Every structure is written in structure tokens, then in C-alpha cells.
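Here is the file target-v8.cif (mmCIF, C-alpha atoms and all ligand atoms).
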data_input
loop_
_atom_site.label_atom_id
_atom_site.label_comp_id
_atom_site.auth_asym_id
_atom_site.auth_seq_id
_atom_site.Cartn_x
_atom_site.Cartn_y
_atom_site.Cartn_z
CA LYS A 259 -24.78 133.28 -77.35
CA VAL A 260 -26.92 136.29 -76.75
CA LYS A 261 -30.04 134.23 -77.39
CA GLU A 262 -28.97 131.55 -74.92
CA ASP A 263 -28.29 134.13 -72.22
CA GLY A 264 -31.71 135.56 -72.84
CA ARG A 265 -33.28 132.16 -72.41
CA ASN A 266 -31.39 131.61 -69.15
CA ASP A 267 -32.54 135.00 -67.91
CA PHE A 268 -36.07 134.01 -68.69
CA ARG A 269 -35.77 130.64 -66.93
CA PHE A 270 -34.30 132.39 -63.91
CA PHE A 271 -37.10 134.94 -63.95
CA ALA A 272 -39.82 132.27 -64.35
CA LYS A 273 -38.36 130.26 -61.47
CA ALA A 274 -38.19 133.32 -59.22
CA MET A 275 -41.80 134.17 -60.10
CA GLN A 276 -42.91 130.64 -59.33
CA GLN A 277 -41.13 130.69 -55.98
CA ARG A 278 -42.79 133.96 -55.10
CA THR A 279 -46.21 132.62 -56.01
CA THR A 280 -45.66 129.44 -53.98
CA ARG A 281 -44.57 131.51 -50.98
CA MET A 282 -47.61 133.78 -51.28
CA LEU A 283 -49.98 130.81 -51.49
CA GLN A 284 -48.30 129.25 -48.44
CA LEU A 285 -48.59 132.43 -46.41
CA GLU A 286 -52.10 133.01 -47.65
CA SER A 287 -53.40 129.66 -46.39
CA ALA A 288 -51.31 129.73 -43.19
CA MET A 289 -52.71 133.16 -42.35
CA HIS A 290 -56.27 131.86 -42.01
CA TYR A 291 -55.27 129.83 -38.95
CA ALA A 292 -52.67 132.19 -37.52
CA LEU A 293 -55.02 134.02 -35.15
CA GLU A 294 -56.70 130.97 -33.63
CA ARG A 295 -53.33 129.19 -33.30
CA ASN A 296 -51.86 132.15 -31.38
CA GLN A 297 -49.07 132.74 -33.88
CA PHE A 298 -49.32 136.50 -33.65
CA GLN A 299 -47.53 138.54 -31.03
CA LEU A 300 -47.20 142.24 -30.37
CA VAL A 301 -43.93 143.97 -29.62
CA TYR A 302 -43.79 147.52 -28.30
CA GLN A 303 -41.40 150.36 -29.08
CA PRO A 304 -41.18 153.37 -26.72
CA GLN A 305 -41.87 156.87 -27.99
CA MET A 306 -39.85 159.47 -26.07
CA THR A 307 -39.73 163.21 -25.65
CA MET A 308 -36.80 164.58 -27.65
CA ASP A 309 -34.73 165.15 -24.49
CA GLY A 310 -35.09 161.44 -23.69
CA LYS A 311 -36.57 162.19 -20.27
CA THR A 312 -40.17 161.07 -20.68
CA VAL A 313 -41.79 158.03 -22.20
CA ILE A 314 -44.84 159.35 -24.06
CA GLY A 315 -46.10 155.92 -24.95
CA VAL A 316 -45.36 152.90 -27.10
CA GLU A 317 -46.18 151.80 -30.63
CA ALA A 318 -47.56 148.29 -30.97
CA LEU A 319 -45.96 146.35 -33.85
CA LEU A 320 -47.26 143.02 -35.08
CA ARG A 321 -45.10 139.89 -35.34
CA TRP A 322 -45.98 136.56 -36.94
CA THR A 323 -44.02 133.40 -36.19
CA HIS A 324 -45.16 130.27 -38.00
CA PRO A 325 -44.04 126.83 -36.70
CA GLU A 326 -42.61 125.77 -40.10
CA LEU A 327 -42.16 129.00 -42.01
CA GLY A 328 -40.50 130.79 -39.11
CA PHE A 329 -40.51 134.55 -38.64
CA ILE A 330 -42.47 136.43 -41.29
CA SER A 331 -41.95 140.17 -41.62
CA PRO A 332 -44.98 142.50 -41.42
CA ALA A 333 -43.67 144.11 -44.61
CA GLU A 334 -44.45 140.77 -46.27
CA PHE A 335 -47.67 139.63 -44.59
CA ILE A 336 -49.52 142.92 -43.98
CA PRO A 337 -49.98 143.61 -47.73
CA LEU A 338 -51.21 140.03 -48.14
CA ALA A 339 -53.62 140.39 -45.21
CA GLU A 340 -54.88 143.60 -46.79
CA SER A 341 -55.53 141.94 -50.14
CA ASN A 342 -57.43 138.95 -48.68
CA GLY A 343 -59.37 140.88 -46.04
CA GLN A 344 -57.75 139.11 -43.07
CA ILE A 345 -56.47 142.48 -41.90
CA ILE A 346 -59.95 143.18 -40.51
CA PRO A 347 -59.96 140.40 -37.85
CA ILE A 348 -56.17 140.69 -37.38
CA GLY A 349 -56.41 144.46 -36.95
CA ALA A 350 -59.18 144.08 -34.35
CA TRP A 351 -57.01 141.55 -32.49
CA VAL A 352 -54.08 144.00 -32.52
CA LEU A 353 -56.25 146.81 -31.15
CA ARG A 354 -57.77 144.68 -28.39
CA THR A 355 -54.45 143.06 -27.39
CA ALA A 356 -52.59 146.37 -27.31
CA LEU A 357 -55.25 148.10 -25.20
CA LEU A 358 -55.55 145.14 -22.81
CA GLN A 359 -51.78 145.29 -22.41
CA LEU A 360 -51.84 149.00 -21.61
CA LYS A 361 -54.64 148.45 -19.13
CA ALA A 362 -52.64 145.67 -17.42
CA TRP A 363 -49.57 147.92 -17.24
CA ILE A 364 -51.53 150.77 -15.68
CA GLU A 365 -52.98 148.33 -13.15
CA VAL A 366 -49.49 147.30 -12.05
CA GLY A 367 -48.55 150.95 -11.51
CA LEU A 368 -47.11 152.21 -14.77
CA LYS A 369 -47.82 155.89 -15.38
CA PRO A 370 -50.59 156.27 -17.98
CA MET A 371 -49.21 156.65 -21.47
CA ILE A 372 -50.26 156.44 -25.10
CA MET A 373 -50.75 153.20 -26.99
CA ALA A 374 -50.14 153.82 -30.69
CA VAL A 375 -51.66 151.28 -33.07
CA ASN A 376 -51.18 151.08 -36.84
CA LEU A 377 -54.33 151.18 -38.89
CA SER A 378 -54.37 149.70 -42.37
CA ALA A 379 -56.00 151.44 -45.33
CA ILE A 380 -58.55 148.61 -45.43
CA GLN A 381 -59.51 149.14 -41.77
CA PHE A 382 -59.65 152.88 -42.30
CA ARG A 383 -62.11 152.49 -45.20
CA HIS A 384 -64.23 149.88 -43.43
CA PRO A 385 -67.75 151.22 -42.78
CA ASN A 386 -67.80 149.85 -39.22
CA LEU A 387 -64.41 151.25 -38.11
CA GLN A 388 -65.91 153.50 -35.43
CA GLY A 389 -68.11 150.66 -34.17
CA VAL A 390 -65.14 148.31 -33.83
CA VAL A 391 -62.94 150.89 -32.12
CA THR A 392 -65.58 152.06 -29.63
CA GLY A 393 -66.59 148.45 -28.97
CA ILE A 394 -63.03 147.50 -28.03
CA LEU A 395 -62.48 150.67 -25.96
CA ASN A 396 -65.64 149.90 -23.99
CA GLU A 397 -64.75 146.25 -23.58
CA VAL A 398 -61.29 147.12 -22.26
CA ALA A 399 -62.68 150.05 -20.26
CA LEU A 400 -59.96 152.55 -21.13
CA PRO A 401 -60.61 156.21 -21.97
CA PRO A 402 -60.15 156.99 -25.70
CA GLU A 403 -57.35 159.50 -24.97
CA TYR A 404 -54.96 156.62 -24.38
CA LEU A 405 -55.33 155.42 -27.95
CA GLU A 406 -53.46 156.87 -30.89
CA LEU A 407 -54.21 155.51 -34.35
CA GLU A 408 -51.47 155.76 -36.96
CA LEU A 409 -52.53 155.99 -40.56
CA THR A 410 -50.05 156.38 -43.37
CA GLU A 411 -49.90 159.54 -45.37
CA SER A 412 -50.98 157.69 -48.52
CA VAL A 413 -54.15 156.44 -46.80
CA ALA A 414 -55.05 159.95 -45.72
CA THR A 415 -54.44 161.43 -49.16
CA ALA A 416 -55.84 158.69 -51.44
CA ASP A 417 -59.41 159.90 -50.87
CA PRO A 418 -59.01 163.08 -48.81
CA VAL A 419 -62.69 164.02 -48.61
CA ASN A 420 -63.65 160.67 -47.14
CA ALA A 421 -60.48 160.62 -45.02
CA ILE A 422 -61.40 163.97 -43.47
CA ALA A 423 -64.86 162.65 -42.60
CA VAL A 424 -63.47 159.49 -40.96
CA MET A 425 -60.80 161.48 -39.11
CA ASN A 426 -63.45 163.85 -37.81
CA GLU A 427 -65.47 160.94 -36.44
CA LEU A 428 -62.47 159.32 -34.76
CA HIS A 429 -61.42 162.69 -33.39
CA SER A 430 -64.89 163.30 -31.98
CA LEU A 431 -64.63 159.96 -30.15
CA GLY A 432 -61.61 161.41 -28.34
CA ILE A 433 -59.00 159.29 -30.13
CA ARG A 434 -55.71 160.81 -31.25
CA LEU A 435 -54.57 160.44 -34.84
CA ALA A 436 -51.05 160.38 -36.22
CA ILE A 437 -49.93 160.47 -39.84
CA ASP A 438 -47.33 157.73 -40.29
CA ASP A 439 -44.47 157.70 -42.82
CA PHE A 440 -44.96 161.41 -43.45
CA GLY A 441 -43.06 162.71 -46.47
CA THR A 442 -43.45 159.55 -48.53
CA GLY A 443 -46.96 160.33 -49.79
CA TYR A 444 -48.38 163.23 -51.69
CA SER A 445 -50.15 165.39 -49.16
CA SER A 446 -51.84 168.35 -50.61
CA LEU A 447 -51.05 171.06 -48.12
CA SER A 448 -54.56 172.46 -48.45
CA TYR A 449 -55.96 169.14 -47.17
CA LEU A 450 -53.34 168.70 -44.50
CA LYS A 451 -54.66 171.70 -42.59
CA LYS A 452 -58.11 170.11 -42.55
CA PHE A 453 -56.88 166.85 -41.07
CA LYS A 454 -57.89 166.38 -37.43
CA VAL A 455 -54.43 165.11 -36.70
CA TYR A 456 -52.46 165.27 -33.48
CA LYS A 457 -49.06 164.21 -34.70
CA LEU A 458 -46.91 163.82 -37.83
CA LYS A 459 -44.40 160.98 -37.89
CA ILE A 460 -41.43 161.86 -40.07
CA ASP A 461 -40.58 158.82 -42.17
CA GLN A 462 -37.34 157.10 -41.26
CA SER A 463 -36.04 157.37 -44.84
CA PHE A 464 -35.54 161.11 -44.23
CA VAL A 465 -34.06 160.61 -40.79
CA ARG A 466 -31.45 158.03 -41.82
CA ASP A 467 -28.93 160.46 -43.35
CA ILE A 468 -29.73 163.74 -41.58
CA ALA A 469 -26.30 163.81 -39.99
CA THR A 470 -24.63 164.06 -43.41
CA ASP A 471 -27.13 164.78 -46.20
CA SER A 472 -27.98 168.46 -46.59
CA ASP A 473 -31.12 167.71 -48.66
CA ASP A 474 -32.53 165.45 -45.95
CA ARG A 475 -31.68 168.07 -43.34
CA ALA A 476 -33.59 170.67 -45.32
CA ILE A 477 -36.61 168.37 -45.76
CA VAL A 478 -36.76 167.34 -42.11
CA SER A 479 -36.40 170.86 -40.84
CA ALA A 480 -39.15 172.04 -43.24
CA ILE A 481 -41.50 169.25 -42.09
CA ILE A 482 -40.93 170.20 -38.44
CA GLN A 483 -41.59 173.91 -39.09
CA MET A 484 -44.72 173.18 -41.12
CA SER A 485 -46.01 170.71 -38.54
CA LYS A 486 -45.54 173.27 -35.76
CA GLY A 487 -47.24 175.94 -37.83
CA LEU A 488 -50.27 173.71 -38.32
CA GLY A 489 -50.39 172.93 -34.60
CA PHE A 490 -49.32 169.28 -34.88
CA LYS A 491 -46.75 167.51 -32.77
CA THR A 492 -43.82 165.99 -34.61
CA ILE A 493 -42.17 162.64 -33.97
CA ALA A 494 -39.16 161.28 -35.84
CA GLU A 495 -39.00 157.54 -36.47
CA GLY A 496 -35.90 155.41 -36.99
CA VAL A 497 -33.58 157.48 -34.79
CA GLU A 498 -30.42 155.43 -34.28
CA THR A 499 -27.59 157.86 -33.53
CA GLN A 500 -26.78 160.78 -31.27
CA ALA A 501 -26.00 162.95 -34.31
CA GLN A 502 -29.52 162.38 -35.67
CA SER A 503 -31.02 163.10 -32.28
CA ASP A 504 -28.98 166.30 -31.84
CA PHE A 505 -30.11 167.65 -35.20
CA LEU A 506 -33.79 166.84 -34.52
CA MET A 507 -33.59 168.46 -31.09
CA ALA A 508 -32.03 171.62 -32.55
CA GLN A 509 -34.82 171.80 -35.16
CA GLY A 510 -37.51 171.63 -32.49
CA CYS A 511 -38.77 168.10 -33.09
CA ASP A 512 -40.98 167.06 -30.13
CA GLU A 513 -40.49 163.31 -29.87
CA PHE A 514 -38.57 160.37 -31.27
CA GLN A 515 -38.74 156.65 -31.63
CA GLY A 516 -35.84 154.42 -32.60
CA TYR A 517 -33.09 151.97 -31.80
CA ILE A 518 -31.07 154.69 -30.03
CA PHE A 519 -33.40 154.17 -27.09
CA SER A 520 -34.92 150.77 -27.79
CA LYS A 521 -35.93 148.28 -30.45
CA PRO A 522 -39.52 147.03 -30.33
CA LEU A 523 -39.65 144.61 -27.37
CA PRO A 524 -42.02 141.96 -26.02
CA ALA A 525 -44.41 143.21 -23.32
CA GLU A 526 -42.46 142.05 -20.23
CA GLN A 527 -39.20 143.56 -21.47
CA VAL A 528 -40.66 146.91 -22.44
CA LEU A 529 -42.42 147.13 -19.08
CA GLU A 530 -39.13 146.56 -17.30
CA LEU A 531 -37.37 149.16 -19.46
CA ILE A 532 -40.05 151.82 -18.90
CA ARG A 533 -40.19 151.12 -15.18
CA LYS A 534 -36.44 151.60 -14.85
CA HIS A 535 -36.63 154.77 -16.87
CA GLN A 536 -39.54 156.20 -14.83
CA SER A 537 -37.87 155.43 -11.51
CA ARG A 538 -34.71 157.26 -12.64
CA ALA A 539 -36.70 160.37 -13.67
P1 LIG B 601 -44.23 151.66 -39.23
O1 LIG B 601 -45.55 151.74 -38.54
O2 LIG B 601 -43.76 152.87 -39.92
O3 LIG B 601 -43.22 151.15 -38.13
C1 LIG B 601 -41.88 151.53 -38.06
C2 LIG B 601 -40.95 150.41 -38.44
O4 LIG B 601 -39.60 150.86 -38.22
C3 LIG B 601 -41.08 149.15 -37.61
O5 LIG B 601 -40.82 148.04 -38.47
C4 LIG B 601 -39.98 149.29 -36.57
O6 LIG B 601 -39.55 148.07 -36.02
C5 LIG B 601 -38.91 149.95 -37.41
N1 LIG B 601 -37.95 150.73 -36.60
C6 LIG B 601 -38.16 151.32 -35.41
N2 LIG B 601 -37.06 151.99 -34.97
C7 LIG B 601 -36.11 151.81 -35.93
C8 LIG B 601 -34.75 152.26 -36.06
O7 LIG B 601 -34.19 152.97 -35.23
N3 LIG B 601 -34.11 151.88 -37.20
C9 LIG B 601 -34.69 151.12 -38.16
N4 LIG B 601 -33.97 150.80 -39.24
N5 LIG B 601 -35.98 150.67 -38.08
C10 LIG B 601 -36.69 151.03 -36.97
P2 LIG B 601 -41.71 146.72 -38.44
O8 LIG B 601 -42.06 146.39 -37.02
O9 LIG B 601 -41.02 145.70 -39.27
O10 LIG B 601 -43.03 147.18 -39.15
C11 LIG B 601 -43.04 147.54 -40.51
C12 LIG B 601 -44.37 148.12 -40.91
O11 LIG B 601 -45.39 147.12 -40.86
C13 LIG B 601 -44.86 149.25 -40.00
O12 LIG B 601 -44.24 150.46 -40.34
C14 LIG B 601 -46.35 149.23 -40.31
O13 LIG B 601 -46.61 149.93 -41.49
C15 LIG B 601 -46.61 147.74 -40.55
N6 LIG B 601 -47.20 147.17 -39.33
C16 LIG B 601 -46.61 146.64 -38.23
N7 LIG B 601 -47.53 146.23 -37.33
C17 LIG B 601 -48.76 146.52 -37.87
C18 LIG B 601 -50.11 146.34 -37.43
O14 LIG B 601 -50.42 145.88 -36.31
N8 LIG B 601 -51.11 146.75 -38.30
C19 LIG B 601 -50.82 147.31 -39.51
N9 LIG B 601 -51.85 147.67 -40.31
N10 LIG B 601 -49.56 147.49 -39.94
C20 LIG B 601 -48.54 147.11 -39.14
MG MG B 602 -46.45 153.09 -37.38
MG MG B 603 -43.65 154.77 -40.06
MG MG B 604 -43.21 152.35 -42.40
#

Please re-express this file's structure in C-alpha cells.
Amino acid sequence: KVKEDGRNDFRFFAKAMQQRTTRMLQLESAMHYALERNQFQLVYQPQMTMDGKTVIGVEALLRWTHPELGFISPAEFIPLAESNGQIIPIGAWVLRTALLQLKAWIEVGLKPMIMAVNLSAIQFRHPNLQGVVTGILNEVALPPEYLELELTESVATADPVNAIAVMNELHSLGIRLAIDDFGTGYSSLSYLKKFKVYKLKIDQSFVRDIATDSDDRAIVSAIIQMSKGLGFKTIAEGVETQAQSDFLMAQGCDEFQGYIFSKPLPAEQVLELIRKHQSRA
């Protein structure tokens, strides 16, 4: 009986593995045509001052919809694009599209704001990163101060000496840097102070339970104090409730991003939302 169960477990496991492999191969080959077939889209999520009065900017988030496979989550396809190198052309497309969008918004009268773009570890380690970024900024003709690049804490800490050098170069170009998912990596505090960083983004896993969990409250409040002490701005991601927002405000967090104000939205909808908000202010 035990043996039979074991065999069934194995068959189940083997089948699940096979399905995963098939899916990965499907996505892998579909990805090579995704750019040229216009299957990628950007959505934008507002970043607000903690009091909710001012829109600081938006974060561009990538979406992939395939005609047969349907919606594919970035959590699934970004790691794949990183492992097969496609993240390089895809990442350049994201950067160009996001900056062209910001430029178009400013031209129709939106107050200048920040465009935050996620940068993959692979892009960050690419020898021509600065060349690509300056090329796109020139092409779009936007000053570098409008661009904020988000790199995850693990990227910054994997090879801190190299990371510091790359950050210094990006910083000297006039681009702002933010550390994404802060708290989930292993930052050595001695390196953190050397990072030419403008902002720390507190990971949403710490924000989720801050209304009720005293450990998370302690962690979040410590991150905010440390961030202030080091001269960084602090933004909380994944803010969904008033209770979370109240706590963050009381702790001196500068900005937030989350469903409480808006989900990531397609360009036309986010423009409308920001316009309404700016005309009320
Ligand atoms: P991230 O950069 O940390 O983005 C935050 C994620 O939290 C986004 O998921 C966003 O939709 C979600 N989110 C925002 N507000 C809330 C909220 O109030 N509650 C909850 N539960 N979630 C919220 P998304 O769009 O699925 O992106 C997932 C991750 O995929 C991103 O995490 C980022 O690491 C990666 N990603 C997305 N677009 C790009 C891109 O263009 N390039 C690269 N390299 N990575 C990207
Ligand atoms: Mg991000
Ligand atoms: Mg994040
Ligand atoms: Mg994340």
C-alpha cells in the first residue's frame, strides 16, 4: 500500500515536472516573437506622497498577453527572459516606451514627474548599460532627472563592489536610483551607505501585516529610521488599507504606492486619474 502510494506520488510529480517543462518551452519560443508582434504592454502605477496630495511619478510595469497562451505574469516570464538573454532587448523596449510615454504626457500638459523603470540583474551587469540608457534618453530628449531606475536589493548586494561602480556611473549621468524589494535581500549596512541611492522601497511583504503584526511594525519603522539617517527617501509598496497608510505616515515614511490609491493602469487611464488628481490639488 505504502509502495503504491509512493509510486503514485512519483507519477504525479513526474507529470507536474513535464507540464512545467512544456510550459517553459512554449513561453521560451513565444518570447522570441513577442516584441515584434507587439504583445508587450506597459501599465503604470502612481507613486504618491504619504499624505496622498501629490503624484511623485509612476512605476512602469510590464505585461505580456499572448494570443493563445493569454495573460502571462511577469513573475513567470521575467526570470525566463533573464535566463535566455531576451531581457536585454525587452528591457530596452520598456525603457524607451516608458520614457516616450512620459514625454507624451508632459507634452499634453501633465506636470513633470518621475518615471520609475525596473532594471533586471542582467541589464545591470551588462557592460553597455550606460550606453543604452544615455542613448534612449537622448533619443527621447528627456532630462535624466525624470528617470528612476529600480534595482532589487539582491542585485545591489550580490557583487557590491561592482554594483557601487555601476551606481556611481548612473548617478553621475543624473539618473535616480531606487532599491526595490528592500528588506528581502542581505544588505550589508556598511555597503548600503556607499550606494548612490535616492530611495528605498520597502518590500510589500513587510507592509502587508503592519496593522496587526508587531514584528513587521518594528521592521518597517526601523527601515524608515535607517533610510532617513542615510539620507534616502523611503517609499512603501503594496499599501492597500488606511490602517497601513496611517502607520507609515506616523513613522515618517515619505511616499507610497499601492491599490489604496490605484492598481497599475494602462496609459490612457492613468493619465486621466493623474489629471483629475492634479486638478483637485
Ligand atoms: P516590483 O517591481 O516590486 O513591483 C511591484 C509589484 O507589486 C507589481 O506586480 C505590482 O502590480 C504589485 N502591486 C502594486 N501595488 C500593490 C498592492 O497594493 N497590493 C499587492 N498585493 N500588489 C501590489 P507585477 O506588476 O506583477 O510585477 C511583479 C514584478 O515583476 C515586479 O516587482 C518586478 O520585479 C518585475 N517586473 C515588472 N515589470 C518589469 C520590467 O519592465 N522589467 C523588469 N526587469 N522587471 C519587471
Ligand atoms: Mg519595482
Ligand atoms: Mg518591489
Ligand atoms: Mg517585487

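By chain and then residue number, the residues within 8 Å of stretch 529-534 of chain A are Val313, Trp363, Leu368, Ala525 and Arg538 of chain A, counting all atoms listed in the file and disregarding those fewer than 4 positions away in sequence.
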
Tell me which protein, DNA and RNA residues are within 12 Å of A:Glu334, counting all atoms listed in the file, leaving out same-chain ones fewer than 6 positions away, and put them as a PDB file with C-alpha atoms, in the frame of the given file.
ATOM      1  CA  ARG A 278     -42.790 133.960 -55.100  1.00  0.00           C
ATOM      2  CA  ARG A 281     -44.570 131.510 -50.980  1.00  0.00           C
ATOM      3  CA  MET A 282     -47.610 133.780 -51.280  1.00  0.00           C
ATOM      4  CA  LEU A 285     -48.590 132.430 -46.410  1.00  0.00           C
ATOM      5  CA  GLU A 286     -52.100 133.010 -47.650  1.00  0.00           C
ATOM      6  CA  MET A 289     -52.710 133.160 -42.350  1.00  0.00           C
ATOM      7  CA  LEU A 320     -47.260 143.020 -35.080  1.00  0.00           C
ATOM      8  CA  ARG A 321     -45.100 139.890 -35.340  1.00  0.00           C
ATOM      9  CA  TRP A 322     -45.980 136.560 -36.940  1.00  0.00           C
ATOM     10  CA  GLU A 340     -54.880 143.600 -46.790  1.00  0.00           C
ATOM     11  CA  SER A 341     -55.530 141.940 -50.140  1.00  0.00           C
TER      12      SER A 341
END

Legend entry - Selection near stretch 384-400 of chain A, 12 Å with all atoms listed in the file, sequence-local residues under 2 positions removed, as a PyMOL selection string: chain A and resi 340+343+345-347+349-362+364-365+370-373+375+377-382+402-407+420-421+423-433

Legend entry - Counting only C-alpha atoms, the option among A:Gln502, A:Gln297, A:Lys459, A:Lys451 closest to A:Leu409: A:Lys459

Legend entry - Within 6 Å of ligand MG 602 (chain B), counting all atoms listed in the file, residues as a list in words: Asn376, Glu408 and Asp438 of chain A

Inset, instruction - Produce as number ranges by chain the set of residues near ligand MG 604 (chain B), where near means within 12 Å with all atoms listed in the file considered. - result: A: 319, 332-333, 336, 376-378, 408-412, 437-443, 459-464, 494-496

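Between A:Phe453 and the residues A:Thr312, A:Ser537, A:Thr415, A:Thr307, the shortest atom-to-atom distance, using only C-alpha atoms, involves A:Thr415.
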